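Step one of this worksheet: look at the structure below.
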Amino acid sequence: MGNVSTNKKFAVDVVVDKSIQDHGNIPAAQEKARKAVAFLKKHGVPKSFAKKK
Amino acid sequence: MHLEKYTIVKGGSDFHYEFYSEGPKGRIKKVVRFVSLTEYENDYYNLYLGDWLEAEDRFSDTVISNNRDREKILATVAAIVVHFTAAIPHAVIFAEGSTASRTRLYQMGISANWQIIKEYFDLQGFKEGEWERFQKNRNYEAFLLRRK
């Protein structure tokens, strides 16, 4: 295990361990991302989230 | 954010987090992965929560583990979102469950942490074809979240 990264405002501790296997691209996660893109392209985002052009 | 949580481990990247669910079904490795949605727009990420299936050597977000620790898992995922958005403050996170029941699970997690979420995050829910500011006790199809 490595360093502990702490977010004090929210009391979130995360152990940083660069030796963990991150499994590269996770096919199921990539598929979810493709669906998310399709969803956002179809429905857009709230006006408050839209970037000013 | 002071609900009981699992120990969170992240690797070298800001996008991959892991923790272990512990309960009557044993010790189950969970992963939270933020996948960039650059095909839509920079700064957008999809939240993926999956179980590691050792026998099949793959992750799945459709398996039902029934490890009787739902609240603790949801509090852990909420903490991961907090940590991720601290590292990438401009991130906009999209979340939609793999099934309607899993999306409701996300909603329960949000509701349980609502007091702190509403103070620091702009959270929108998608319902009946429109985005609206998140309200407790409304069932949404998807969520968008970013730091205020």
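All residue names refer to the structure tokens as shown: chains lettered A, B, ... in order, residues numbered from 1 in each chain, ligands numbered from 1 in order.
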
Skip Lys30 in chain B itself and residues of its chain fewer than 3 positions away, then list as a tab-separated table (two decimals) with N, CA and C atoms, in the first residue's frame all residues within 6 Å of it, counting only C-alpha atoms.
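The resulting around.tsv:
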```
chain	number	residue	atom	x	y	z
B	18	GLU	N	-10.72	1.12	-6.36
B	18	GLU	CA	-11.19	-0.21	-5.96
B	18	GLU	C	-11.51	-0.25	-4.47
B	19	PHE	N	-12.38	-1.14	-4.10
B	19	PHE	CA	-12.61	-1.45	-2.69
B	19	PHE	C	-13.19	-2.86	-2.61
B	20	TYR	N	-13.22	-3.41	-1.40
B	20	TYR	CA	-13.74	-4.77	-1.22
B	20	TYR	C	-15.01	-4.74	-0.37
B	50	GLY	N	-18.58	-1.78	-10.99
B	50	GLY	CA	-18.67	-3.19	-11.36
B	50	GLY	C	-18.07	-4.11	-10.31
B	51	ASP	N	-18.48	-5.37	-10.38
B	51	ASP	CA	-17.92	-6.44	-9.53
B	51	ASP	C	-16.88	-7.21	-10.33
```

inquiry  = Just want the 8 Å neighbourhood of range 36-40 of chain A, counted on only C-alpha atoms, with same-chain residues fewer than 6 positions away dropped. Output as a PyMOL selection string.
reply    = chain B and resi 37+39-40+46+94+96

query = Got a sec: who's within 12 Å of Phe143 in chain B, counting only C-alpha atoms, leaving out chain neighbours fewer than 6 positions off, as a ChimeraX atom specification?
reply = /A:36,39-40,45-46 /B:45-47,92-97,103-104,106-107,110,122-127,130-135

Would you mind exporting C-alpha atoms of the selected residues as an mmCIF file, in the first residue's frame?
```cif
data_model
loop_
_atom_site.group_PDB
_atom_site.id
_atom_site.type_symbol
_atom_site.label_atom_id
_atom_site.label_comp_id
_atom_site.auth_asym_id
_atom_site.auth_seq_id
_atom_site.Cartn_x
_atom_site.Cartn_y
_atom_site.Cartn_z
ATOM 1 C CA ALA A 36 -23.706 7.516 -22.087
ATOM 2 C CA PHE A 39 -27.788 9.384 -24.225
ATOM 3 C CA LEU A 40 -26.177 12.817 -23.937
ATOM 4 C CA VAL A 45 -27.531 18.473 -20.795
ATOM 5 C CA PRO A 46 -29.183 21.024 -18.488
ATOM 6 C CA TYR B 45 -17.092 11.190 -17.492
ATOM 7 C CA ASN B 46 -19.237 8.131 -17.097
ATOM 8 C CA LEU B 47 -19.281 6.477 -13.698
ATOM 9 C CA VAL B 92 -19.087 16.462 -15.037
ATOM 10 C CA ILE B 93 -20.129 12.956 -14.047
ATOM 11 C CA PHE B 94 -22.876 11.042 -15.810
ATOM 12 C CA ALA B 95 -24.381 8.068 -14.001
ATOM 13 C CA GLU B 96 -27.023 5.654 -15.142
ATOM 14 C CA GLY B 97 -27.550 2.228 -13.626
ATOM 15 C CA THR B 103 -30.437 3.410 -11.059
ATOM 16 C CA ARG B 104 -32.802 3.545 -8.069
ATOM 17 C CA TYR B 106 -27.822 5.227 -7.073
ATOM 18 C CA GLN B 107 -30.754 7.434 -6.127
ATOM 19 C CA ILE B 110 -27.594 10.198 -3.326
ATOM 20 C CA ASP B 122 -24.887 20.724 -8.651
ATOM 21 C CA LEU B 123 -26.872 17.539 -9.221
ATOM 22 C CA GLN B 124 -29.431 17.066 -11.976
ATOM 23 C CA GLY B 125 -31.779 14.153 -12.571
ATOM 24 C CA PHE B 126 -33.264 13.092 -15.901
ATOM 25 C CA LYS B 127 -36.972 12.308 -15.832
ATOM 26 C CA GLU B 130 -35.997 16.516 -19.208
ATOM 27 C CA TRP B 131 -33.228 17.387 -16.786
ATOM 28 C CA GLU B 132 -34.212 18.974 -13.495
ATOM 29 C CA ARG B 133 -32.493 19.853 -10.254
ATOM 30 C CA PHE B 134 -32.401 16.677 -8.159
ATOM 31 C CA GLN B 135 -35.213 16.248 -5.669
#
```

key: Proximal residues of chain A relative to chain B (only C-alpha atoms; 8 Å) as a ChimeraX atom specification   = /A:7,10-22,26,28-30,32-34,36-37,40-41,43,45-46

Residues from last step as file, N, CA and C atoms, as a PDB file, in the first residue's frame:
```pdb
ATOM      1  N   ASN A   7      -9.150  13.967   1.634  1.00  0.00           N
ATOM      2  CA  ASN A   7      -9.953  15.148   1.371  1.00  0.00           C
ATOM      3  C   ASN A   7     -10.585  15.526   2.704  1.00  0.00           C
ATOM      4  N   PHE A  10     -14.468  16.507   3.290  1.00  0.00           N
ATOM      5  CA  PHE A  10     -15.449  15.438   3.261  1.00  0.00           C
ATOM      6  C   PHE A  10     -14.987  14.195   4.023  1.00  0.00           C
ATOM      7  N   ALA A  11     -13.852  14.283   4.666  1.00  0.00           N
ATOM      8  CA  ALA A  11     -13.324  13.143   5.410  1.00  0.00           C
ATOM      9  C   ALA A  11     -13.224  11.899   4.535  1.00  0.00           C
ATOM     10  N   VAL A  12     -12.631  12.078   3.368  1.00  0.00           N
ATOM     11  CA  VAL A  12     -12.448  10.952   2.452  1.00  0.00           C
ATOM     12  C   VAL A  12     -10.975  10.575   2.411  1.00  0.00           C
ATOM     13  N   ASP A  13     -10.669   9.355   2.832  1.00  0.00           N
ATOM     14  CA  ASP A  13      -9.301   8.843   2.756  1.00  0.00           C
ATOM     15  C   ASP A  13      -9.205   7.847   1.620  1.00  0.00           C
ATOM     16  N   VAL A  14      -8.204   8.009   0.803  1.00  0.00           N
ATOM     17  CA  VAL A  14      -7.973   7.076  -0.298  1.00  0.00           C
ATOM     18  C   VAL A  14      -6.524   6.629  -0.244  1.00  0.00           C
ATOM     19  N   VAL A  15      -6.322   5.329  -0.233  1.00  0.00           N
ATOM     20  CA  VAL A  15      -4.968   4.781  -0.241  1.00  0.00           C
ATOM     21  C   VAL A  15      -4.487   4.744  -1.682  1.00  0.00           C
ATOM     22  N   VAL A  16      -3.363   5.354  -1.928  1.00  0.00           N
ATOM     23  CA  VAL A  16      -2.795   5.357  -3.277  1.00  0.00           C
ATOM     24  C   VAL A  16      -1.802   4.201  -3.383  1.00  0.00           C
ATOM     25  N   ASP A  17      -2.101   3.262  -4.241  1.00  0.00           N
ATOM     26  CA  ASP A  17      -1.250   2.090  -4.419  1.00  0.00           C
ATOM     27  C   ASP A  17      -1.001   1.904  -5.919  1.00  0.00           C
ATOM     28  N   LYS A  18       0.113   2.400  -6.362  1.00  0.00           N
ATOM     29  CA  LYS A  18       0.383   2.378  -7.806  1.00  0.00           C
ATOM     30  C   LYS A  18       0.655   0.974  -8.321  1.00  0.00           C
ATOM     31  N   SER A  19       0.751   0.017  -7.403  1.00  0.00           N
ATOM     32  CA  SER A  19       1.029  -1.355  -7.854  1.00  0.00           C
ATOM     33  C   SER A  19      -0.247  -2.126  -8.201  1.00  0.00           C
ATOM     34  N   ILE A  20      -1.418  -1.555  -7.891  1.00  0.00           N
ATOM     35  CA  ILE A  20      -2.634  -2.319  -8.189  1.00  0.00           C
ATOM     36  C   ILE A  20      -2.826  -2.402  -9.700  1.00  0.00           C
ATOM     37  N   GLN A  21      -3.363  -3.535 -10.093  1.00  0.00           N
ATOM     38  CA  GLN A  21      -3.627  -3.751 -11.512  1.00  0.00           C
ATOM     39  C   GLN A  21      -4.885  -2.974 -11.875  1.00  0.00           C
ATOM     40  N   ASP A  22      -4.795  -2.069 -12.855  1.00  0.00           N
ATOM     41  CA  ASP A  22      -6.001  -1.283 -13.160  1.00  0.00           C
ATOM     42  C   ASP A  22      -6.824  -1.901 -14.289  1.00  0.00           C
ATOM     43  N   ILE A  26     -11.749  -1.571 -19.430  1.00  0.00           N
ATOM     44  CA  ILE A  26     -12.752  -2.541 -18.986  1.00  0.00           C
ATOM     45  C   ILE A  26     -13.864  -2.533 -20.029  1.00  0.00           C
ATOM     46  N   ALA A  28     -16.871  -3.623 -20.273  1.00  0.00           N
ATOM     47  CA  ALA A  28     -18.209  -3.230 -19.817  1.00  0.00           C
ATOM     48  C   ALA A  28     -18.277  -1.730 -19.529  1.00  0.00           C
ATOM     49  N   ALA A  29     -17.192  -1.182 -19.020  1.00  0.00           N
ATOM     50  CA  ALA A  29     -17.157   0.261 -18.732  1.00  0.00           C
ATOM     51  C   ALA A  29     -17.127   1.063 -20.027  1.00  0.00           C
ATOM     52  N   GLN A  30     -16.397   0.547 -21.014  1.00  0.00           N
ATOM     53  CA  GLN A  30     -16.348   1.230 -22.312  1.00  0.00           C
ATOM     54  C   GLN A  30     -17.727   1.204 -22.976  1.00  0.00           C
ATOM     55  N   LYS A  32     -20.599   1.052 -21.404  1.00  0.00           N
ATOM     56  CA  LYS A  32     -21.448   2.020 -20.686  1.00  0.00           C
ATOM     57  C   LYS A  32     -21.152   3.440 -21.158  1.00  0.00           C
ATOM     58  N   ALA A  33     -19.885   3.715 -21.405  1.00  0.00           N
ATOM     59  CA  ALA A  33     -19.500   5.053 -21.858  1.00  0.00           C
ATOM     60  C   ALA A  33     -20.105   5.349 -23.226  1.00  0.00           C
ATOM     61  N   ARG A  34     -20.079   4.337 -24.106  1.00  0.00           N
ATOM     62  CA  ARG A  34     -20.693   4.543 -25.433  1.00  0.00           C
ATOM     63  C   ARG A  34     -22.183   4.859 -25.292  1.00  0.00           C
ATOM     64  N   ALA A  36     -23.589   6.189 -22.696  1.00  0.00           N
ATOM     65  CA  ALA A  36     -23.706   7.516 -22.087  1.00  0.00           C
ATOM     66  C   ALA A  36     -23.581   8.609 -23.136  1.00  0.00           C
ATOM     67  N   VAL A  37     -22.629   8.434 -24.058  1.00  0.00           N
ATOM     68  CA  VAL A  37     -22.462   9.417 -25.140  1.00  0.00           C
ATOM     69  C   VAL A  37     -23.738   9.497 -25.970  1.00  0.00           C
ATOM     70  N   LEU A  40     -26.414  11.373 -24.029  1.00  0.00           N
ATOM     71  CA  LEU A  40     -26.177  12.817 -23.937  1.00  0.00           C
ATOM     72  C   LEU A  40     -26.383  13.504 -25.287  1.00  0.00           C
ATOM     73  N   LYS A  41     -25.987  12.805 -26.364  1.00  0.00           N
ATOM     74  CA  LYS A  41     -26.213  13.392 -27.686  1.00  0.00           C
ATOM     75  C   LYS A  41     -27.707  13.478 -27.992  1.00  0.00           C
ATOM     76  N   HIS A  43     -30.290  13.570 -25.641  1.00  0.00           N
ATOM     77  CA  HIS A  43     -31.069  14.382 -24.697  1.00  0.00           C
ATOM     78  C   HIS A  43     -30.408  15.701 -24.300  1.00  0.00           C
ATOM     79  N   VAL A  45     -27.805  18.290 -22.217  1.00  0.00           N
ATOM     80  CA  VAL A  45     -27.531  18.473 -20.795  1.00  0.00           C
ATOM     81  C   VAL A  45     -28.330  19.685 -20.306  1.00  0.00           C
ATOM     82  N   PRO A  46     -28.463  19.845 -18.995  1.00  0.00           N
ATOM     83  CA  PRO A  46     -29.183  21.024 -18.488  1.00  0.00           C
ATOM     84  C   PRO A  46     -28.513  22.316 -18.948  1.00  0.00           C
TER      85      PRO A  46
END
```

key: Per-residue DSSP, range 14-117 of chain B, filtered to alpha helix (DSSP H), as a PyMOL selection string   = chain B and resi 70-87+100-112+114-117

inquiry  = So the first atom is CA of His90 in chain B and the second is CA of Pro27 in chain A; what is the distance between them in Å, to one decimal place?
reply    =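 Interatomic distance here is 25.5 Å.
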
task = Please measure the separation of CA of Phe49 in chain A and CA of Glu141 in chain B, giving the value in Å to one decimal.
result = 17.8 Å

request  = Figure out the distance between CA of Glu31 in chain A and CA of Glu71 in chain B, please, to one decimal in Å.
outcome  =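 A separation of 26.4 Å between them.
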
query = Which residues in range 33-121 of chain B does DSSP call strand (DSSP E)? List them as a count of residues only.
reply = 22
